[in-house]
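Engineer: One file is attached below, target_17.tsv, containing TSV, C-alpha atoms.
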```tsv
chain	number	residue	atom	x	y	z
V	1	MET	CA	-6.79	-33.46	21.17
V	2	PRO	CA	-8.61	-34.11	24.47
V	3	ALA	CA	-10.02	-30.60	24.87
V	4	GLN	CA	-11.50	-30.74	21.42
V	5	GLN	CA	-13.12	-34.10	21.98
V	6	SER	CA	-14.50	-32.97	25.29
V	7	ALA	CA	-16.06	-29.88	23.76
V	8	ALA	CA	-17.55	-31.91	20.95
V	9	ARG	CA	-19.11	-34.42	23.35
V	10	SER	CA	-20.54	-31.60	25.42
V	11	ALA	CA	-22.59	-30.50	22.44
V	12	GLY	CA	-24.66	-33.53	23.29
V	13	GLU	CA	-25.74	-34.40	19.80
V	14	PRO	CA	-24.29	-36.56	17.09
V	15	GLY	CA	-22.83	-34.80	14.15
V	16	LEU	CA	-21.54	-31.77	16.01
V	17	GLY	CA	-18.04	-33.04	16.70
V	18	PRO	CA	-14.91	-33.17	14.60
V	19	ARG	CA	-15.01	-35.14	11.40
V	20	PRO	CA	-12.24	-36.53	9.24
V	21	GLY	CA	-10.45	-33.72	7.47
V	22	ASP	CA	-11.33	-31.07	10.01
V	23	SER	CA	-7.72	-30.51	10.93
V	24	ALA	CA	-6.90	-29.70	7.33
V	25	GLY	CA	-9.98	-27.84	6.16
V	26	GLY	CA	-10.97	-26.26	9.44
V	27	ALA	CA	-11.74	-27.45	12.94
V	28	CYS	CA	-15.34	-26.29	13.28
V	29	ARG	CA	-17.74	-27.04	16.06
V	30	LEU	CA	-20.86	-25.88	17.84
V	31	VAL	CA	-20.49	-26.19	21.60
V	32	ARG	CA	-22.55	-25.55	24.69
V	33	ASP	CA	-19.73	-25.24	27.18
V	34	PRO	CA	-17.25	-22.37	27.50
V	35	ILE	CA	-14.88	-22.14	24.56
V	36	ASP	CA	-11.25	-23.01	25.17
V	37	GLY	CA	-9.51	-20.53	22.89
V	38	THR	CA	-6.13	-22.11	23.40
V	39	ALA	CA	-7.46	-25.43	22.14
V	40	VAL	CA	-9.01	-23.78	19.08
V	41	LEU	CA	-5.68	-22.16	18.28
V	42	ALA	CA	-3.75	-25.36	18.91
V	43	ALA	CA	-6.01	-27.21	16.48
V	44	VAL	CA	-4.77	-25.07	13.58
V	45	ALA	CA	-1.08	-25.20	14.49
V	46	SER	CA	1.28	-26.06	11.68
V	47	PRO	CA	5.04	-26.18	11.28
V	48	GLU	CA	4.56	-24.10	8.13
V	49	ALA	CA	2.75	-21.31	9.98
V	50	GLY	CA	4.48	-18.09	10.97
V	51	GLY	CA	1.33	-16.14	11.81
V	52	ASN	CA	-1.34	-17.52	14.13
V	53	VAL	CA	-4.41	-15.46	14.93
V	54	LEU	CA	-7.03	-16.26	17.53
V	55	PHE	CA	-10.13	-14.07	17.64
V	56	LEU	CA	-12.56	-14.33	20.53
V	57	GLY	CA	-15.90	-12.57	20.29
V	58	SER	CA	-17.36	-12.07	23.75
V	59	THR	CA	-20.63	-10.87	25.18
V	60	ARG	CA	-20.68	-7.12	25.81
V	61	GLY	CA	-22.19	-6.04	29.10
V	62	VAL	CA	-23.10	-2.59	27.83
V	63	THR	CA	-24.03	-1.66	24.26
V	64	ALA	CA	-24.73	2.01	23.50
V	65	GLY	CA	-25.51	2.59	27.17
V	66	VAL	CA	-27.91	-0.34	27.43
V	67	THR	CA	-26.99	-3.10	29.87
V	68	THR	CA	-27.12	-6.72	28.73
V	69	LEU	CA	-27.27	-9.50	31.32
V	70	GLY	CA	-26.36	-12.20	28.85
V	71	LEU	CA	-26.99	-13.70	25.46
V	72	ASP	CA	-28.75	-16.86	24.41
V	73	TYR	CA	-27.74	-18.44	21.10
V	74	GLU	CA	-29.53	-21.00	18.99
V	75	ALA	CA	-28.85	-22.39	15.54
V	76	HIS	CA	-30.12	-24.55	12.73
V	77	GLU	CA	-27.38	-26.88	13.87
V	78	PRO	CA	-26.77	-29.21	10.92
V	79	LEU	CA	-26.83	-26.36	8.41
V	80	ALA	CA	-24.79	-24.01	10.62
V	81	LEU	CA	-22.10	-26.63	11.13
V	82	GLU	CA	-21.97	-27.43	7.44
V	83	MET	CA	-21.66	-23.73	6.61
V	84	LEU	CA	-18.90	-23.20	9.19
V	85	ARG	CA	-16.96	-26.05	7.62
V	86	ASP	CA	-17.52	-24.72	4.12
V	87	LEU	CA	-16.42	-21.23	5.18
V	88	ALA	CA	-13.29	-22.61	6.83
V	89	ALA	CA	-12.42	-24.60	3.73
V	90	GLU	CA	-13.01	-21.55	1.55
V	91	ALA	CA	-10.83	-19.42	3.83
V	92	VAL	CA	-8.00	-21.93	3.55
V	93	ARG	CA	-8.14	-21.68	-0.24
V	94	ARG	CA	-8.76	-17.94	-0.45
V	95	PHE	CA	-6.05	-16.88	2.00
V	96	ASP	CA	-3.66	-19.80	1.50
V	97	LEU	CA	-3.90	-20.76	5.16
V	98	CYS	CA	-2.19	-23.63	6.90
V	99	GLY	CA	-5.38	-24.20	8.87
V	100	CYS	CA	-8.38	-22.49	10.39
V	101	GLY	CA	-11.17	-23.27	12.79
V	102	ILE	CA	-14.42	-21.74	13.94
V	103	VAL	CA	-16.12	-22.64	17.21
V	104	HIS	CA	-19.46	-21.07	18.07
V	105	ARG	CA	-21.19	-21.35	21.40
V	106	LEU	CA	-24.88	-22.14	21.71
V	107	GLY	CA	-27.18	-21.63	24.67
V	108	ARG	CA	-26.66	-19.12	27.42
V	109	VAL	CA	-23.47	-17.06	27.27
V	110	ALA	CA	-22.72	-14.82	30.23
V	111	VAL	CA	-21.23	-11.36	29.90
V	112	GLY	CA	-17.51	-11.56	29.25
V	113	GLU	CA	-17.59	-15.11	27.94
V	114	ALA	CA	-16.70	-15.94	24.36
V	115	SER	CA	-19.51	-16.74	21.98
V	116	ILE	CA	-17.19	-17.39	19.04
V	117	ALA	CA	-13.58	-18.31	18.48
V	118	ILE	CA	-11.87	-18.10	15.11
V	119	ALA	CA	-8.34	-19.33	14.65
V	120	ALA	CA	-6.28	-18.99	11.50
V	121	SER	CA	-2.71	-19.96	10.81
V	122	ALA	CA	-0.74	-18.90	7.75
V	123	PRO	CA	2.86	-18.66	6.66
V	124	HIS	CA	2.65	-14.88	7.29
V	125	ARG	CA	0.54	-12.76	9.64
V	126	ARG	CA	-1.25	-10.67	7.03
V	127	GLU	CA	-3.19	-13.63	5.64
V	128	ALA	CA	-4.03	-14.90	9.11
V	129	PHE	CA	-5.46	-11.52	10.19
V	130	ALA	CA	-7.34	-11.06	6.92
V	131	ALA	CA	-8.82	-14.55	7.04
V	132	SER	CA	-10.04	-14.10	10.62
V	133	GLU	CA	-11.81	-10.85	9.76
V	134	TRP	CA	-13.31	-12.33	6.61
V	135	LEU	CA	-14.54	-15.42	8.44
V	136	LEU	CA	-16.12	-13.39	11.23
V	137	GLU	CA	-18.02	-11.22	8.76
V	138	ARG	CA	-19.24	-14.27	6.87
V	139	VAL	CA	-20.35	-16.04	10.04
V	140	LYS	CA	-22.22	-13.00	11.32
V	141	THR	CA	-24.09	-12.42	8.08
V	142	THR	CA	-24.70	-15.86	6.59
V	143	VAL	CA	-24.63	-18.73	9.11
V	144	PRO	CA	-28.01	-19.69	10.67
V	145	ILE	CA	-27.20	-18.79	14.26
V	146	TRP	CA	-29.23	-16.30	16.28
V	147	LYS	CA	-28.68	-14.37	19.46
V	148	CYS	CA	-31.24	-13.33	22.02
V	149	GLU	CA	-30.32	-10.40	24.23
V	150	GLU	CA	-31.50	-10.38	27.81
V	151	GLY	CA	-31.78	-6.89	29.20
V	152	LEU	CA	-31.56	-5.62	32.76
V	153	ASP	CA	-35.36	-5.56	32.92
V	154	GLY	CA	-35.50	-9.26	32.02
V	155	VAL	CA	-36.85	-8.57	28.56
V	156	ARG	CA	-35.51	-11.01	25.94
V	157	THR	CA	-35.07	-9.75	22.40
V	158	TRP	CA	-34.07	-11.87	19.40
V	159	VAL	CA	-31.82	-10.01	17.01
V	160	HIS	CA	-33.11	-10.18	13.43
V	161	SER	CA	-31.76	-7.19	11.58
V	162	GLY	CA	-30.86	-7.56	7.93
V	163	ASP	CA	-32.58	-9.42	5.15
V	164	MET	CA	-31.75	-13.00	4.22
V	165	ARG	CA	-33.53	-12.63	0.88
V	166	THR	CA	-31.01	-10.07	-0.23
V	167	GLY	CA	-28.31	-12.39	0.96
V	168	LEU	CA	-27.23	-11.10	4.33
V	169	GLY	CA	-28.14	-10.97	7.97
V	170	GLY	CA	-27.46	-7.99	10.13
V	171	GLY	CA	-23.89	-8.73	11.12
V	172	GLU	CA	-24.33	-7.18	14.55
X	1	MET	CA	-50.07	-26.32	-7.55
X	2	HIS	CA	-53.19	-26.96	-5.62
X	3	ASN	CA	-53.20	-25.80	-2.06
X	4	ASP	CA	-56.54	-24.44	-1.01
X	5	PRO	CA	-56.64	-24.65	2.78
X	6	ASP	CA	-60.44	-24.55	2.91
X	7	THR	CA	-60.85	-27.74	0.95
X	8	LEU	CA	-57.70	-29.57	1.96
X	9	ASN	CA	-58.17	-29.01	5.64
X	10	SER	CA	-61.65	-30.44	5.80
X	11	PRO	CA	-62.36	-33.82	7.37
X	12	ALA	CA	-63.82	-34.86	4.02
X	13	ASP	CA	-60.32	-34.87	2.64
X	14	PRO	CA	-58.29	-37.17	4.88
X	15	ALA	CA	-55.64	-37.45	2.19
X	16	ALA	CA	-54.82	-33.77	2.49
X	17	GLY	CA	-51.09	-33.22	2.65
X	18	ARG	CA	-49.31	-31.77	5.61
X	19	LEU	CA	-46.02	-30.05	6.07
X	20	PHE	CA	-44.15	-29.28	9.24
X	21	VAL	CA	-42.10	-26.13	9.03
X	22	THR	CA	-39.29	-25.68	11.54
X	23	LEU	CA	-39.04	-22.23	13.08
X	24	PHE	CA	-36.21	-20.57	14.95
X	25	ALA	CA	-35.44	-17.74	17.32
X	26	GLY	CA	-37.86	-14.79	17.24
X	27	MET	CA	-40.11	-16.49	14.74
X	28	ALA	CA	-40.57	-19.53	16.98
X	29	GLU	CA	-41.19	-17.20	19.90
X	30	THR	CA	-43.86	-15.27	18.01
X	31	VAL	CA	-45.64	-18.45	16.92
X	32	GLY	CA	-45.15	-20.11	20.30
X	33	SER	CA	-43.77	-23.28	18.76
X	34	ARG	CA	-40.75	-24.55	16.89
X	35	ARG	CA	-42.93	-26.48	14.50
X	36	LEU	CA	-45.71	-25.06	12.40
X	37	GLU	CA	-48.05	-27.47	10.69
X	38	ILE	CA	-49.62	-26.32	7.49
X	39	VAL	CA	-51.88	-27.95	4.97
X	40	TRP	CA	-49.76	-28.66	1.95
X	41	ASP	CA	-50.23	-30.59	-1.22
X	42	GLY	CA	-47.09	-29.52	-2.96
X	43	GLY	CA	-45.98	-26.32	-4.61
X	44	THR	CA	-43.07	-23.92	-4.72
X	45	VAL	CA	-41.25	-21.99	-2.02
X	46	ALA	CA	-43.19	-18.90	-3.11
X	47	ASP	CA	-46.44	-20.81	-2.54
X	48	LEU	CA	-45.14	-21.96	0.81
X	49	ARG	CA	-44.37	-18.39	1.85
X	50	ARG	CA	-47.96	-17.44	1.08
X	51	ALA	CA	-49.33	-20.48	2.93
X	52	VAL	CA	-47.26	-19.76	6.03
X	53	GLY	CA	-48.20	-16.08	5.88
X	54	ARG	CA	-51.89	-17.01	5.75
X	55	GLU	CA	-51.49	-19.44	8.63
X	56	ARG	CA	-49.60	-17.01	10.84
X	57	PRO	CA	-50.01	-13.41	9.66
X	58	GLY	CA	-48.09	-12.24	12.72
X	59	ILE	CA	-44.79	-13.45	11.33
X	60	GLY	CA	-45.34	-11.90	7.92
X	61	PRO	CA	-42.88	-8.99	8.22
X	62	LEU	CA	-40.11	-11.26	9.49
X	63	LEU	CA	-40.99	-13.93	6.92
X	64	GLU	CA	-40.44	-11.36	4.19
X	65	ARG	CA	-36.83	-11.02	5.31
X	66	SER	CA	-36.27	-14.73	5.87
X	67	ALA	CA	-34.71	-17.45	3.76
X	68	ILE	CA	-36.28	-20.87	3.26
X	69	VAL	CA	-34.30	-24.06	3.63
X	70	VAL	CA	-35.62	-27.19	1.91
X	71	ALA	CA	-33.95	-30.52	2.60
X	72	GLY	CA	-30.99	-28.79	4.20
X	73	ARG	CA	-30.33	-26.38	1.33
X	74	TYR	CA	-31.17	-22.72	0.85
X	75	ALA	CA	-33.98	-22.57	-1.64
X	76	THR	CA	-35.18	-19.99	-4.11
X	77	ASP	CA	-38.80	-18.99	-4.63
X	78	ASP	CA	-39.20	-21.42	-7.52
X	79	THR	CA	-37.81	-24.43	-5.64
X	80	ALA	CA	-40.33	-27.27	-5.48
X	81	VAL	CA	-41.57	-28.31	-2.04
X	82	SER	CA	-43.23	-31.70	-1.89
X	83	ARG	CA	-45.56	-33.07	0.74
X	84	GLY	CA	-43.74	-33.87	3.93
X	85	ALA	CA	-40.58	-32.07	2.84
X	86	ASP	CA	-38.05	-30.99	5.43
X	87	VAL	CA	-38.52	-27.22	5.53
X	88	ALA	CA	-37.10	-24.56	7.82
X	89	ILE	CA	-37.50	-20.81	7.87
X	90	ILE	CA	-34.26	-18.90	8.46
X	91	PRO	CA	-34.89	-15.38	9.78
X	92	PRO	CA	-32.05	-12.83	9.53
X	93	VAL	CA	-29.07	-14.31	11.34
X	94	SER	CA	-27.19	-12.73	14.24
X	95	GLY	CA	-24.44	-15.08	15.32
X	96	GLY	CA	-20.91	-14.14	16.24
```
Take the structure in the file and write it out as structure tokens.
Structural biologist:
Amino acid sequence: MPAQQSAARSAGEPGLGPRPGDSAGGACRLVRDPIDGTAVLAAVASPEAGGNVLFLGSTRGVTAGVTTLGLDYEAHEPLALEMLRDLAAEAVRRFDLCGCGIVHRLGRVAVGEASIAIAASAPHRREAFAASEWLLERVKTTVPIWKCEEGLDGVRTWVHSGDMRTGLGGGE
Amino acid sequence: MHNDPDTLNSPADPAAGRLFVTLFAGMAETVGSRRLEIVWDGGTVADLRRAVGRERPGIGPLLERSAIVVAGRYATDDTAVSRGADVAIIPPVSGG
């Protein structure tokens, strides 16, 4: 799929692109360019699927009355990618999916742009919805990716709620 | 485990081990670098936590809530960390 290859190349580093088996166990990538949700969804298409869910998490401009100019994401890239792939494979088994994929953006993400896309396809919608929710929660609390919020006053704040020693990040 | 910074860090001990710890996000910002060099002659993750805490007390509270990755795998406090090991500190995550 051209869009997928393009996004993988844009990550600019080896090891971040698709690998053999991704289409079956989950098309997972870390990218630095805007996420093409349609491509993420297309990557999990299957003739056996009757329910196809695409979730896009985007940058909020206002949170609890506080304005955010944008977010900046960074990751322990090799470990984050490995964990995304493991989570996708686990989701396929757990929810009996036809396919699923997770794409997370790194670097600067402007307000309104997607920072994460999760796609899940299943024979029936219930499993696709459930898998998407489960994957999002797992990504937000376990995968080594961090966001830095840039406020209206220019102040940058890394978000580090939660406690990894008890097993979970903040999930915000 | 022998990891006394006062003796190992002295010029009289050129064989003293070193370890580069990779830092991320707010922890890297606090330290002002993505790599923290510490004197290290082997030990466990628990020893490493103490060594890093001594080296940079400012990151102590965040370190307490962080995981340690050794050779690409999440480690427990009793995991062995050799000289020159590939170590990263994973503060509470916030992706999504």
Engineer: For chain V, which residues have at least one atom within 10 Å of chain X, if we go by all atoms listed in the file? Write them as an MDAnalysis selection string, please.
Structural biologist: chainID V and resid 56:59 72:76 78:79 82 103:106 114:118 136:148 156:172
Engineer: Write out as an MDAnalysis selection string the residues lying within 6 Å of segment 34-50 of chain X, counting all atoms listed in the file and excluding same-chain residues fewer than 5 positions away.
Structural biologist: chainID X and resid 1 3 17:23 28 77:83
Engineer: Rounded to one decimal, what separation in Å do you get between atom CA of Ser121 of chain V and atom CA of Ala45 of chain V?
Structural biologist: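 Atom CA of Ala45 of chain V lies 6.6 Å from atom CA of Ser121 of chain V.
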Engineer: Calculated over all atoms listed in the file, which of the candidates V:Ala42, V:Gly61, V:Met83, V:Glu113 has the smallest distance to Cys100 of chain V?
Structural biologist: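 Of all the options, V:Ala42 lies closest to Cys100 of chain V.
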Engineer: Would you work out the distance separating atom CA of Val155 of chain V from atom CA of Ser33 of chain X, expressed in Å to one decimal?
Structural biologist: 19.0 Å
Engineer: List every protein, DNA or RNA residue with an atom no more than 8 Å from (-48.9, -13.5, 15.2) in the file's coordinates, counting all atoms listed in the file, and format the result as a PyMOL selection string.
Structural biologist: chain X and resi 30-31+56-59
Engineer: Just give me the gap between atom CA of Leu84 of chain V and atom CA of Ala43 of chain V in Å, one decimal is fine.
Structural biologist: 15.3 Å
